[in-house]
file model_32.txt (compact mmCIF, C-alpha atoms)
# COMPACT_ATOMS: atom_id res chain seq x y z
CA MET A 30 -2.84 -0.25 -27.49
CA THR A 31 -4.66 0.17 -24.23
CA GLU A 32 -1.73 1.83 -22.49
CA ASN A 33 -3.36 5.16 -21.93
CA THR A 34 -6.88 3.95 -21.39
CA MET A 35 -6.00 1.96 -18.30
CA PRO A 36 -7.73 3.45 -15.29
CA LYS A 37 -5.78 4.27 -12.20
CA PRO A 38 -5.81 1.42 -9.67
CA GLN A 39 -8.72 1.73 -7.31
CA LYS A 40 -7.96 2.12 -3.68
CA LYS A 41 -9.99 -0.85 -2.54
CA PHE A 42 -7.77 -3.25 -4.49
CA LEU A 43 -4.56 -2.00 -2.93
CA PRO A 44 -3.05 -3.53 0.19
CA VAL A 45 -4.54 -2.43 3.49
CA PRO A 46 -2.29 -1.75 6.50
CA TYR A 47 -0.74 -4.99 7.74
CA ALA A 48 -1.64 -6.25 11.17
CA LYS A 49 1.99 -6.42 12.26
CA PRO A 50 4.79 -4.24 10.95
CA ALA A 51 7.18 -6.21 8.79
CA ASP A 52 10.79 -6.64 9.80
CA LEU A 53 13.24 -8.57 7.65
CA GLN A 54 16.84 -8.95 8.73
CA LEU A 55 19.76 -10.63 6.98
CA ALA A 56 23.23 -10.91 8.51
CA GLY A 57 26.26 -12.21 6.64
CA VAL A 58 24.21 -14.28 4.22
CA ALA A 59 26.15 -16.28 1.63
CA CYS A 60 24.98 -18.39 -1.25
CA THR A 61 26.63 -21.29 -3.03
CA ARG A 62 25.33 -22.85 -6.21
CA GLY A 63 27.14 -25.97 -7.24
CA MET A 64 30.80 -25.31 -6.43
CA ARG A 65 30.51 -21.54 -6.97
CA ARG A 66 30.15 -18.99 -4.20
CA LEU A 67 27.74 -16.46 -5.67
CA PHE A 68 27.92 -13.88 -2.92
CA GLU A 69 28.75 -13.61 0.75
CA GLY A 70 28.37 -11.16 3.58
CA VAL A 71 24.99 -9.80 2.50
CA SER A 72 23.53 -7.93 5.45
CA PHE A 73 20.59 -5.59 5.60
CA ARG A 74 17.55 -4.85 7.66
CA LEU A 75 14.23 -3.81 6.23
CA LYS A 76 11.53 -2.31 8.42
CA ALA A 77 7.97 -1.40 7.59
CA GLY A 78 7.92 0.74 4.49
CA ASP A 79 11.41 -0.18 3.23
CA GLY A 80 11.84 -1.42 -0.33
CA LEU A 81 15.20 -2.79 -1.42
CA ALA A 82 16.23 -2.95 -5.07
CA LEU A 83 18.66 -5.72 -6.03
CA TYR A 84 20.90 -4.90 -8.93
CA GLY A 85 23.76 -6.83 -10.46
CA PRO A 86 24.82 -8.56 -13.66
CA ASN A 87 23.33 -11.85 -14.84
CA GLY A 88 24.42 -14.70 -12.62
CA SER A 89 25.31 -12.49 -9.67
CA GLY A 90 22.75 -14.23 -7.46
CA LYS A 91 19.77 -11.87 -7.37
CA THR A 92 17.23 -14.64 -7.88
CA SER A 93 19.12 -16.92 -5.49
CA LEU A 94 19.01 -14.31 -2.73
CA LEU A 95 15.25 -13.90 -3.23
CA ARG A 96 14.79 -17.67 -3.12
CA GLN A 97 16.82 -17.79 0.08
CA ILE A 98 14.57 -15.21 1.72
CA ALA A 99 11.51 -17.15 0.53
CA GLY A 100 12.97 -20.23 2.21
CA PHE A 101 13.46 -22.31 -0.93
CA LEU A 102 17.24 -22.25 -0.87
CA PRO A 103 19.30 -22.97 2.25
CA LEU A 104 21.71 -20.29 3.45
CA ALA A 105 25.36 -21.23 2.92
CA ALA A 106 26.24 -18.93 5.82
CA GLY A 107 24.68 -16.20 7.91
CA THR A 108 21.26 -15.74 9.44
CA LEU A 109 17.87 -14.66 8.23
CA SER A 110 15.15 -13.50 10.55
CA ILE A 111 11.62 -12.46 9.83
CA ALA A 112 9.61 -10.73 12.53
CA ASP A 113 6.28 -12.31 13.28
CA LYS A 114 7.17 -15.93 12.68
CA ALA A 115 3.93 -16.58 10.82
CA PRO A 116 5.11 -19.09 8.27
CA TYR A 117 3.13 -17.80 5.35
CA GLY A 118 3.98 -14.13 5.39
CA VAL A 119 5.86 -14.01 2.10
CA HIS A 120 4.82 -13.49 -1.51
CA PHE A 121 7.30 -14.64 -4.13
CA MET A 122 6.89 -13.60 -7.73
CA GLY A 123 9.44 -15.34 -9.90
CA HIS A 124 10.26 -15.54 -13.59
CA ALA A 125 7.76 -18.37 -14.00
CA ASP A 126 4.30 -16.92 -13.53
CA ALA A 127 2.67 -20.11 -12.15
CA LEU A 128 -0.36 -19.75 -14.44
CA LYS A 129 -2.21 -22.69 -15.96
CA ASN A 130 -2.79 -22.34 -19.70
CA ALA A 131 -5.89 -24.54 -19.69
CA LEU A 132 -7.82 -22.23 -17.36
CA SER A 133 -9.63 -19.04 -18.33
CA VAL A 134 -8.58 -15.70 -16.88
CA GLY A 135 -11.69 -15.54 -14.69
CA GLU A 136 -11.17 -19.07 -13.38
CA THR A 137 -7.56 -18.27 -12.60
CA LEU A 138 -8.62 -15.31 -10.46
CA ALA A 139 -11.26 -17.38 -8.65
CA PHE A 140 -8.77 -20.17 -8.00
CA GLU A 141 -6.11 -17.75 -6.81
CA ALA A 142 -8.60 -16.10 -4.47
CA ALA A 143 -9.47 -19.48 -2.96
CA LEU A 144 -5.87 -20.73 -2.92
CA TRP A 145 -4.52 -17.70 -1.15
CA GLY A 146 -7.33 -17.71 1.34
CA ALA A 147 -8.74 -14.32 0.41
CA PRO A 148 -11.05 -13.29 3.23
CA LYS A 149 -14.63 -14.09 2.33
CA ALA A 150 -15.91 -10.98 4.07
CA LYS A 151 -14.36 -8.70 1.47
CA ASP A 152 -16.72 -9.52 -1.32
CA PRO A 153 -15.34 -7.04 -3.85
CA LEU A 154 -12.12 -9.06 -3.77
CA LEU A 155 -13.90 -11.75 -5.71
CA ASP A 156 -15.58 -9.36 -8.13
CA THR A 157 -13.81 -10.66 -11.20
CA ASP A 158 -14.70 -7.88 -13.63
CA ARG A 159 -13.45 -5.15 -11.36
CA TRP A 160 -10.30 -7.09 -10.74
CA LEU A 161 -9.66 -7.47 -14.43
CA THR A 162 -10.21 -3.75 -15.01
CA HIS A 163 -7.79 -3.11 -12.19
CA LEU A 164 -5.17 -5.31 -13.87
CA GLY A 165 -5.79 -3.90 -17.34
CA LEU A 166 -7.35 -7.12 -18.59
CA GLU A 167 -10.94 -5.94 -18.95
CA GLY A 168 -13.26 -8.15 -20.97
CA ARG A 169 -10.90 -11.10 -20.96
CA ALA A 170 -12.53 -13.20 -18.23
CA TRP A 171 -13.39 -15.94 -20.74
CA GLN A 172 -10.08 -15.94 -22.56
CA ALA A 173 -7.75 -18.87 -21.98
CA VAL A 174 -4.63 -17.97 -20.06
CA GLY A 175 -2.62 -19.75 -22.76
CA ASP A 176 -3.77 -17.13 -25.29
CA LEU A 177 -2.52 -14.15 -23.26
CA SER A 178 0.62 -12.29 -24.19
CA ALA A 179 3.66 -12.35 -21.91
CA GLY A 180 2.81 -8.94 -20.47
CA GLN A 181 -0.82 -9.85 -19.90
CA ARG A 182 0.25 -13.03 -18.08
CA ARG A 183 2.48 -10.90 -15.91
CA ARG A 184 -0.44 -8.62 -15.04
CA LEU A 185 -2.58 -11.60 -14.13
CA ALA A 186 0.21 -12.98 -11.95
CA LEU A 187 0.21 -9.67 -10.04
CA ALA A 188 -3.30 -10.44 -8.79
CA LYS A 189 -2.15 -12.80 -6.07
CA LEU A 190 -0.06 -10.06 -4.46
CA CYS A 191 -3.27 -8.27 -3.52
CA LEU A 192 -5.54 -11.29 -3.01
CA ALA A 193 -3.72 -12.32 0.16
CA PRO A 194 -2.25 -9.62 2.39
CA ARG A 195 1.33 -10.60 3.15
CA PRO A 196 3.82 -8.15 4.61
CA ILE A 197 6.87 -9.35 2.66
CA TRP A 198 6.99 -9.25 -1.14
CA LEU A 199 9.86 -10.77 -3.12
CA LEU A 200 9.67 -9.69 -6.74
CA ASP A 201 12.07 -11.16 -9.29
CA GLU A 202 12.35 -8.65 -12.11
CA PRO A 203 8.76 -7.44 -11.76
CA MET A 204 8.97 -5.15 -14.81
CA THR A 205 9.78 -7.90 -17.32
CA ALA A 206 7.49 -7.88 -20.39
CA LEU A 207 5.30 -5.09 -19.00
CA ASP A 208 4.32 -2.01 -21.01
CA GLU A 209 4.23 1.47 -19.53
CA ALA A 210 0.76 1.06 -18.02
CA GLY A 211 1.83 -2.29 -16.57
CA ARG A 212 4.90 -0.76 -14.99
CA HIS A 213 2.67 1.97 -13.60
CA LEU A 214 0.49 -0.76 -12.07
CA VAL A 215 3.50 -2.42 -10.40
CA ASN A 216 4.61 0.96 -9.08
CA ALA A 217 1.16 1.65 -7.65
CA LEU A 218 0.87 -1.79 -6.04
CA ALA A 219 4.37 -1.69 -4.58
CA GLY A 220 3.95 1.87 -3.36
CA ALA A 221 0.69 1.03 -1.60
CA HIS A 222 2.27 -2.10 -0.14
CA LEU A 223 5.12 -0.08 1.35
CA ALA A 224 2.73 2.60 2.59
CA ALA A 225 0.71 -0.13 4.29
CA GLY A 226 3.75 -1.12 6.34
CA GLY A 227 5.09 -3.93 4.19
CA VAL A 228 8.62 -4.52 2.99
CA LEU A 229 9.75 -5.71 -0.40
CA VAL A 230 12.88 -6.86 -2.14
CA ALA A 231 12.87 -6.57 -5.92
CA SER A 232 15.56 -7.60 -8.35
CA SER A 233 15.82 -5.57 -11.53
CA HIS A 234 17.99 -4.49 -14.40
CA VAL A 235 16.20 -1.17 -14.72
CA PRO A 236 15.92 1.47 -11.97
CA LEU A 237 12.82 0.98 -9.83
CA ASP A 238 10.79 3.95 -8.66
CA PHE A 239 9.30 2.49 -5.54
CA THR A 240 12.39 1.23 -3.73
CA THR A 241 13.99 3.18 -0.93
CA ASP A 242 17.37 1.47 -0.93
CA ALA A 243 19.59 -0.46 -3.32
CA LEU A 244 22.03 -3.33 -3.12
CA THR A 245 24.31 -4.34 -5.98
CA LEU A 246 25.46 -7.94 -6.02
CA GLY A 247 28.61 -9.22 -7.69
CA ALA A 248 29.86 -5.75 -8.56
CA ALA A 249 33.44 -6.98 -8.79
CA ALA A 250 32.60 -9.93 -11.00
CA MET B 24 -9.60 -26.16 4.49
CA SER B 25 -11.05 -24.23 1.57
CA VAL B 26 -7.49 -24.02 0.24
CA PHE B 27 -7.33 -27.83 0.26
CA TRP B 28 -10.51 -28.19 -1.76
CA ALA B 29 -9.59 -25.39 -4.14
CA LEU B 30 -6.32 -27.20 -4.94
CA CYS B 31 -8.11 -30.49 -5.30
CA ARG B 32 -10.66 -28.99 -7.65
CA GLN B 33 -8.04 -27.18 -9.68
CA HIS B 34 -6.18 -30.43 -10.23
CA MET B 35 -9.39 -32.15 -11.30
CA VAL B 36 -10.28 -29.39 -13.76
CA LEU B 37 -6.77 -29.47 -15.23
CA ALA B 38 -6.78 -33.27 -15.50
CA TRP B 39 -10.09 -33.17 -17.32
CA ARG B 40 -9.26 -30.26 -19.65
CA GLY B 41 -5.80 -31.59 -20.39
CA GLY B 42 -7.45 -34.81 -21.57
CA HIS B 43 -5.65 -36.87 -18.92
CA THR B 44 -8.88 -38.57 -17.81
CA THR B 45 -9.84 -39.58 -21.34
CA LEU B 46 -6.30 -40.67 -22.15
CA ALA B 47 -6.03 -42.85 -19.05
CA VAL B 48 -9.33 -44.62 -19.74
CA ALA B 49 -8.35 -45.09 -23.40
CA PHE B 50 -4.97 -46.47 -22.29
CA LEU B 51 -6.71 -48.97 -20.02
CA PHE B 52 -8.93 -50.19 -22.84
CA ILE B 53 -6.12 -50.44 -25.37
CA GLY B 54 -3.95 -52.31 -22.89
CA VAL B 55 -6.77 -54.77 -22.21
CA THR B 56 -7.55 -55.14 -25.91
CA LEU B 57 -3.95 -56.11 -26.61
CA MET B 58 -4.04 -59.04 -24.20
CA PRO B 59 -6.11 -61.47 -26.31
CA PHE B 60 -3.82 -60.74 -29.25
CA GLY B 61 -0.85 -61.87 -27.21
CA LEU B 62 -2.48 -64.76 -25.37
CA GLY B 63 -4.81 -66.11 -28.03
CA PRO B 64 -8.59 -65.96 -28.05
CA GLU B 65 -9.16 -69.02 -25.88
CA LEU B 66 -12.01 -67.96 -23.57
CA ALA B 67 -11.20 -70.26 -20.65
CA LEU B 68 -7.58 -69.09 -20.52
CA LEU B 69 -8.60 -65.42 -20.68
CA GLN B 70 -11.14 -65.95 -17.92
CA ALA B 71 -8.53 -67.48 -15.66
CA LEU B 72 -6.05 -64.68 -16.31
CA ALA B 73 -8.48 -61.76 -16.44
CA PRO B 74 -8.19 -60.50 -12.82
CA GLY B 75 -4.40 -60.51 -12.92
CA LEU B 76 -4.28 -58.88 -16.35
CA LEU B 77 -6.68 -56.16 -15.22
CA TRP B 78 -4.49 -55.44 -12.21
CA VAL B 79 -1.36 -55.17 -14.34
CA VAL B 80 -3.03 -52.86 -16.85
CA LEU B 81 -4.48 -50.70 -14.06
CA VAL B 82 -1.06 -50.34 -12.46
CA MET B 83 0.55 -49.43 -15.79
CA THR B 84 -2.17 -46.87 -16.51
CA LEU B 85 -1.76 -45.31 -13.08
CA LEU B 86 2.00 -45.11 -13.43
CA THR B 87 1.87 -43.46 -16.83
CA SER B 88 -0.69 -40.94 -15.54
CA LEU B 89 1.36 -40.08 -12.46
CA ASP B 90 4.56 -38.90 -14.10
CA ARG B 91 3.14 -35.44 -14.83
CA VAL B 92 1.39 -34.95 -11.49
CA PHE B 93 4.01 -32.54 -10.12
CA GLN B 94 6.14 -31.95 -13.20
CA ALA B 95 3.83 -29.37 -14.81
CA ASP B 96 3.84 -27.43 -11.52
CA TYR B 97 7.62 -27.59 -11.39
CA GLU B 98 7.96 -26.22 -14.91
CA ASP B 99 5.47 -23.35 -14.67
CA GLY B 100 6.55 -22.13 -11.23
CA SER B 101 3.47 -23.35 -9.35
CA LEU B 102 5.68 -25.53 -7.18
CA ASP B 103 7.35 -22.40 -5.75
CA GLN B 104 3.91 -21.02 -4.93
CA MET B 105 2.85 -24.32 -3.36
CA MET B 106 5.63 -23.83 -0.79
CA LEU B 107 4.08 -20.51 0.25
CA MET B 108 0.42 -21.46 0.35
CA PRO B 109 -1.42 -21.10 3.66
CA LEU B 110 -1.43 -24.89 3.98
CA PRO B 111 1.49 -27.20 4.85
CA LEU B 112 3.09 -28.71 1.76
CA GLU B 113 2.17 -32.20 2.99
CA PHE B 114 -1.51 -31.30 2.65
CA VAL B 115 -0.95 -29.47 -0.62
CA VAL B 116 0.39 -32.66 -2.23
CA LEU B 117 -2.37 -34.66 -0.60
CA ALA B 118 -4.97 -32.31 -2.12
CA LYS B 119 -3.42 -32.70 -5.54
CA LEU B 120 -3.33 -36.48 -5.27
CA LEU B 121 -6.93 -36.57 -4.07
CA GLY B 122 -7.86 -34.56 -7.16
CA HIS B 123 -5.85 -37.01 -9.23
CA TYR B 124 -7.66 -39.91 -7.62
CA ILE B 125 -11.13 -38.49 -8.26
CA ALA B 126 -10.34 -37.31 -11.79
CA LEU B 127 -8.44 -40.38 -12.99
CA VAL B 128 -8.66 -43.40 -10.73
CA VAL B 129 -12.40 -43.32 -10.14
CA PRO B 130 -13.15 -43.26 -13.91
CA LEU B 131 -10.65 -46.09 -14.35
CA LEU B 132 -12.36 -48.19 -11.69
CA LEU B 133 -15.70 -47.50 -13.36
CA ALA B 134 -14.20 -48.68 -16.66
CA VAL B 135 -12.91 -51.94 -15.19
CA PRO B 136 -16.22 -53.89 -15.48
CA LEU B 137 -16.43 -52.98 -19.14
CA ALA B 138 -12.77 -53.81 -19.72
CA GLY B 139 -13.41 -57.10 -17.92
CA LEU B 140 -15.95 -58.02 -20.60
CA LEU B 141 -13.17 -57.86 -23.17
CA LEU B 142 -11.23 -60.48 -21.18
CA ASN B 143 -14.24 -62.69 -20.48
CA LEU B 144 -13.98 -61.91 -16.76
CA ALA B 145 -16.38 -64.10 -14.79
CA PRO B 146 -19.11 -61.75 -13.45
CA ALA B 147 -18.89 -63.44 -10.06
CA HIS B 148 -15.25 -62.28 -9.75
CA LEU B 149 -16.14 -58.67 -10.40
CA PRO B 150 -17.25 -57.56 -6.88
CA MET B 151 -14.07 -58.86 -5.25
CA LEU B 152 -11.89 -57.41 -8.02
CA LEU B 153 -13.44 -53.96 -7.67
CA LEU B 154 -13.29 -54.07 -3.87
CA ALA B 155 -9.61 -55.03 -3.97
CA MET B 156 -8.86 -52.32 -6.52
CA ALA B 157 -10.75 -49.70 -4.50
CA ALA B 158 -8.87 -50.72 -1.36
CA GLY B 159 -5.45 -50.85 -3.01
CA SER B 160 -5.58 -47.97 -5.46
CA PRO B 161 -5.05 -45.18 -2.88
CA ALA B 162 -1.77 -46.87 -1.97
CA LEU B 163 -0.84 -47.09 -5.67
CA VAL B 164 -1.50 -43.37 -6.23
CA LEU B 165 0.29 -42.29 -3.05
CA LEU B 166 3.34 -44.50 -3.65
CA GLY B 167 3.46 -43.44 -7.29
CA GLY B 168 3.35 -39.84 -6.08
CA ILE B 169 6.60 -40.44 -4.18
CA GLY B 170 8.25 -41.59 -7.40
CA ALA B 171 6.83 -38.62 -9.28
CA SER B 172 8.03 -36.13 -6.67
CA LEU B 173 11.53 -37.62 -6.66
CA ALA B 174 11.76 -37.41 -10.45
CA VAL B 175 10.16 -33.96 -10.67
CA SER B 176 13.26 -32.01 -11.62
CA VAL B 177 14.27 -34.52 -14.29
CA ARG B 178 13.18 -33.64 -17.79
CA ARG B 179 11.27 -36.54 -19.33
CA GLY B 180 11.25 -38.15 -15.91
CA GLY B 181 8.31 -40.42 -16.73
CA LEU B 182 10.33 -43.58 -17.04
CA LEU B 183 12.24 -42.70 -13.88
CA THR B 184 8.93 -42.30 -12.05
CA VAL B 185 7.91 -45.79 -13.16
CA LEU B 186 11.27 -47.22 -12.15
CA LEU B 187 11.15 -45.61 -8.71
CA SER B 188 7.54 -46.56 -7.98
CA LEU B 189 7.31 -50.12 -9.30
CA PRO B 190 9.20 -51.80 -6.42
CA PHE B 191 6.73 -50.23 -3.97
CA TYR B 192 3.87 -51.61 -6.03
CA VAL B 193 4.90 -55.24 -5.59
CA PRO B 194 3.21 -55.88 -2.23
CA VAL B 195 0.00 -54.16 -3.31
CA MET B 196 0.00 -56.21 -6.51
CA ILE B 197 0.60 -59.46 -4.65
CA PHE B 198 -2.27 -58.94 -2.25
CA GLY B 199 -4.56 -57.26 -4.76
CA ALA B 200 -4.26 -59.85 -7.51
CA GLY B 201 -4.05 -62.61 -4.89
CA ALA B 202 -7.30 -61.54 -3.27
CA THR B 203 -9.08 -61.70 -6.61
CA GLN B 204 -7.49 -64.92 -7.85
CA GLN B 205 -7.78 -66.94 -4.68
CA ALA B 206 -11.26 -66.00 -3.65
CA LEU B 207 -13.79 -68.43 -4.95
CA ALA B 208 -16.22 -66.82 -7.29
CA GLY B 209 -18.66 -64.69 -5.34
CA GLU B 210 -16.73 -64.77 -2.07
CA ILE B 211 -15.01 -61.89 -0.33
CA ASP B 212 -11.45 -62.37 0.92
CA ALA B 213 -11.65 -60.14 3.99
CA THR B 214 -8.08 -60.77 5.17
CA ARG B 215 -6.39 -59.64 2.00
CA LEU B 216 -8.82 -56.76 1.69
CA ALA B 217 -7.86 -55.63 5.19
CA ILE B 218 -4.17 -55.83 4.27
CA LEU B 219 -4.80 -53.71 1.17
CA CYS B 220 -6.59 -51.13 3.31
CA LEU B 221 -3.60 -51.22 5.66
CA PHE B 222 -1.25 -50.46 2.74
CA SER B 223 -3.43 -47.53 1.71
CA LEU B 224 -3.68 -46.11 5.22
CA ALA B 225 0.04 -46.54 5.88
CA SER B 226 0.94 -44.76 2.65
CA LEU B 227 -1.59 -42.04 3.47
CA LEU B 228 0.48 -41.35 6.58
CA ALA B 229 3.96 -41.73 5.13
CA ALA B 230 3.72 -40.66 1.49
CA PRO B 231 2.78 -36.96 1.97
CA VAL B 232 5.81 -36.47 4.23
CA ALA B 233 8.09 -38.14 1.69
CA MET B 234 6.62 -36.22 -1.25
CA ALA B 235 6.87 -32.88 0.55
CA ALA B 236 10.50 -33.57 1.42
CA ALA B 237 11.30 -34.51 -2.18
CA LEU B 238 9.56 -31.39 -3.53
CA ARG B 239 11.29 -29.09 -1.03
CA ASN B 240 14.53 -30.49 -2.32
CA ALA B 241 13.44 -29.89 -5.92
CA VAL B 242 12.73 -26.14 -5.57
CA ARG B 243 16.24 -25.31 -4.39

call {"tool": "encode", "arguments": {"input": "model_32.txt", "output": "structure tokens"}}
result
Amino acid sequence: MTENTMPKPQKKFLPVPYAKPADLQLAGVACTRGMRRLFEGVSFRLKAGDGLALYGPNGSGKTSLLRQIAGFLPLAAGTLSIADKAPYGVHFMGHADALKNALSVGETLAFEAALWGAPKAKDPLLDTDRWLTHLGLEGRAWQAVGDLSAGQRRRLALAKLCLAPRPIWLLDEPMTALDEAGRHLVNALAGAHLAAGGVLVASSHVPLDFTTDALTLGAAA
Amino acid sequence: MSVFWALCRQHMVLAWRGGHTTLAVAFLFIGVTLMPFGLGPELALLQALAPGLLWVVLVMTLLTSLDRVFQADYEDGSLDQMMLMPLPLEFVVLAKLLGHYIALVVPLLLAVPLAGLLLNLAPAHLPMLLLAMAAGSPALVLLGGIGASLAVSVRRGGLLTVLLSLPFYVPVMIFGAGATQQALAGEIDATRLAILCLFSLASLLAAPVAMAAALRNAVR
């Protein structure tokens, strides 16, 4: 309905250049789930501005690889190195959107801003109405998150990517449930993130516009 | 530090909106109301048993409230995000449990005097009972949190949480109920109170580490 009325993302809400250029390096990474070896020998290096698309059939280990980079899953083999050993330099956006149904949309944004330590100096960051317009959720500050549609929840979940500047983004099927305007929003955010010197790895079943490189897992399977 | 308080506040808001606070207080009252039906309405007997009964009901209420403390986060993906917050996971769980304590345990403690009326609790026993509960309840919440974090990936893990936590509750129960029972009416049993504080402080040190380890294992 509101697909074409969504304004273009404003510049001030997009990521600003990161203090240190991102550098993510994987060498010979393997993953085992249960008794099954999902993949092995995954090696790549991403430098500032590189976006890697992960393709592959269901069960080929796309999500597992993202969770390994995020540090949730141990590596079965290989090494993973992230430049600038700051421990909290990674954003992970998974299938579950980590939203609380009992909160309103505005409260969720305020909580996220506080949780992710959004710098207090940048006041517009906490300007809820402008944020909601930016995300295509205008006028919904008082609506309960539980009443949002799947795509609207996805848009709200995108907010945290911009609330805290982190040079590495891990997006697990970021386009799921989003309409055209929503996909445009993801493209704009990801593009600005890469232009700001970040790196990102995104799994997907559809071609992604913003990635610079692609890796297909489990092609033989 | 603002992250810590934001988490704490979020947990409190969710506990209140989800009706957990109301449910826990209602559970306490229903549990206490059931006692005279089982034991008979003899006032002297109820008075003698009241402190112990209140302890048992408080522990049961706490345990039933704790099973969801991390489970909702596990199911909606918040647990993944908790790993990446600009605060060590040990403090993240501590913030959540502090929110749980303020939103649930404090109202429960405030309800105890009223619940005591239903059991003909001697008013002179009340100060010692409340002191012992205040000193011991942090340990109960923290130890119960360990059980909850171990059972987090189990669907319907509530009973498992209870099973895992109850053994840890035994010492707190012994000293907590003991302090109230043994102290003569109107007196303060400082030794047992100090031991209860020790339990709470020791679990404050150990429990966050254990919970964080259990949760890190659960997000694999």

call {"tool": "atom_distance", "arguments": {"input": "model_32.txt", "atom1": "atom CA of A:Gly57", "atom2": "atom CA of A:Ser72"}}
result
5.2 Å

call {"tool": "atom_distance", "arguments": {"input": "model_32.txt", "atom1": "atom CA of B:Phe27", "atom2": "atom CA of B:Thr84"}}
result
25.9 Å

call {"tool": "interface_residues", "arguments": {"input": "model_32.txt", "of": "chain A", "to": "chain B", "cutoff": "6 Å", "atoms": "only C-alpha atoms", "output": "list in words"}}
result
Phe101, Leu102, Tyr117, Ala125, Ala127, Ala143 and Leu144 of chain A

call {"tool": "write_last_selection", "arguments": {"input": "model_32.txt", "atoms": "C-alpha atoms", "output": "tab-separated table (two decimals), in the coordinates of the input"}}
result
chain	number	residue	atom	x	y	z
A	101	PHE	CA	13.46	-22.31	-0.93
A	102	LEU	CA	17.24	-22.25	-0.87
A	117	TYR	CA	3.13	-17.80	5.35
A	125	ALA	CA	7.76	-18.37	-14.00
A	127	ALA	CA	2.67	-20.11	-12.15
A	143	ALA	CA	-9.47	-19.48	-2.96
A	144	LEU	CA	-5.87	-20.73	-2.92

call {"tool": "atom_distance", "arguments": {"input": "model_32.txt", "atom1": "atom CA of A:Leu53", "atom2": "atom CA of A:Ala112"}}
result
6.5 Å

call {"tool": "residues_near_point", "arguments": {"input": "model_32.txt", "point": "(8.5, -2.0, -9.2)", "cutoff": "12 Å", "atoms": "all atoms listed in the file", "output": "number ranges by chain"}}
result
A: 80-83, 122, 187, 198-205, 207, 209, 211-223, 229-241

call {"tool": "residues_around", "arguments": {"input": "model_32.txt", "residues": "stretch 55-57 of chain B", "least_positions_apart": "6", "cutoff": "12 Å", "atoms": "all atoms listed in the file", "output": "ChimeraX atom specification"}}
result
/B:48-49,63-64,69,72-81,83-84,134-144

call {"tool": "residues_around", "arguments": {"input": "model_32.txt", "residues": "A:Gly63", "least_positions_apart": "3", "cutoff": "12 Å", "atoms": "only C-alpha atoms", "output": "ChimeraX atom specification"}}
result
/A:60,66-67,105 /B:243

call {"tool": "closest_residue", "arguments": {"input": "model_32.txt", "among": "A:Ala56, A:Leu128, A:Val119, A:Val228", "to": "A:Gly100", "atoms": "only C-alpha atoms"}}
result
A:Val119

call {"tool": "closest_residue", "arguments": {"input": "model_32.txt", "among": "B:Val195, B:Gln205, B:Ala162, B:Ile169", "to": "B:Ala225", "atoms": "only C-alpha atoms"}}
result
B:Ala162

call {"tool": "residues_around", "arguments": {"input": "model_32.txt", "residues": "B:Met234", "least_positions_apart": "2", "cutoff": "9 Å", "atoms": "only C-alpha atoms", "output": "PDB file with C-alpha atoms, in the frame of the given file"}}
result
ATOM      1  CA  LEU B 112       3.090 -28.710   1.760  1.00  0.00           C
ATOM      2  CA  GLU B 113       2.170 -32.200   2.990  1.00  0.00           C
ATOM      3  CA  VAL B 116       0.390 -32.660  -2.230  1.00  0.00           C
ATOM      4  CA  LEU B 165       0.290 -42.290  -3.050  1.00  0.00           C
ATOM      5  CA  GLY B 168       3.350 -39.840  -6.080  1.00  0.00           C
ATOM      6  CA  ILE B 169       6.600 -40.440  -4.180  1.00  0.00           C
ATOM      7  CA  GLY B 170       8.250 -41.590  -7.400  1.00  0.00           C
ATOM      8  CA  ALA B 171       6.830 -38.620  -9.280  1.00  0.00           C
ATOM      9  CA  SER B 172       8.030 -36.130  -6.670  1.00  0.00           C
ATOM     10  CA  LEU B 173      11.530 -37.620  -6.660  1.00  0.00           C
ATOM     11  CA  ALA B 229       3.960 -41.730   5.130  1.00  0.00           C
ATOM     12  CA  ALA B 230       3.720 -40.660   1.490  1.00  0.00           C
ATOM     13  CA  PRO B 231       2.780 -36.960   1.970  1.00  0.00           C
ATOM     14  CA  VAL B 232       5.810 -36.470   4.230  1.00  0.00           C
ATOM     15  CA  ALA B 236      10.500 -33.570   1.420  1.00  0.00           C
ATOM     16  CA  ALA B 237      11.300 -34.510  -2.180  1.00  0.00           C
ATOM     17  CA  LEU B 238       9.560 -31.390  -3.530  1.00  0.00           C
ATOM     18  CA  ARG B 239      11.290 -29.090  -1.030  1.00  0.00           C
TER      19      ARG B 239
END

call {"tool": "closest_residue", "arguments": {"input": "model_32.txt", "among": "B:Met58, B:Met151, B:Cys31, B:Ala213", "to": "B:Tyr124", "atoms": "all atoms listed in the file"}}
result
B:Cys31

call {"tool": "residues_around", "arguments": {"input": "model_32.txt", "residues": "B:Arg179", "least_positions_apart": "3", "cutoff": "12 Å", "atoms": "only C-alpha atoms", "output": "mmCIF file with C-alpha atoms, in the frame of the given file"}}
result
data_model
loop_
_atom_site.group_PDB
_atom_site.id
_atom_site.type_symbol
_atom_site.label_atom_id
_atom_site.label_comp_id
_atom_site.auth_asym_id
_atom_site.auth_seq_id
_atom_site.Cartn_x
_atom_site.Cartn_y
_atom_site.Cartn_z
ATOM 1 C CA THR B 87 1.870 -43.460 -16.830
ATOM 2 C CA ASP B 90 4.560 -38.900 -14.100
ATOM 3 C CA ARG B 91 3.140 -35.440 -14.830
ATOM 4 C CA GLN B 94 6.140 -31.950 -13.200
ATOM 5 C CA ALA B 95 3.830 -29.370 -14.810
ATOM 6 C CA GLU B 98 7.960 -26.220 -14.910
ATOM 7 C CA ALA B 171 6.830 -38.620 -9.280
ATOM 8 C CA ALA B 174 11.760 -37.410 -10.450
ATOM 9 C CA VAL B 175 10.160 -33.960 -10.670
ATOM 10 C CA SER B 176 13.260 -32.010 -11.620
ATOM 11 C CA LEU B 182 10.330 -43.580 -17.040
ATOM 12 C CA LEU B 183 12.240 -42.700 -13.880
ATOM 13 C CA THR B 184 8.930 -42.300 -12.050
ATOM 14 C CA VAL B 185 7.910 -45.790 -13.160
#
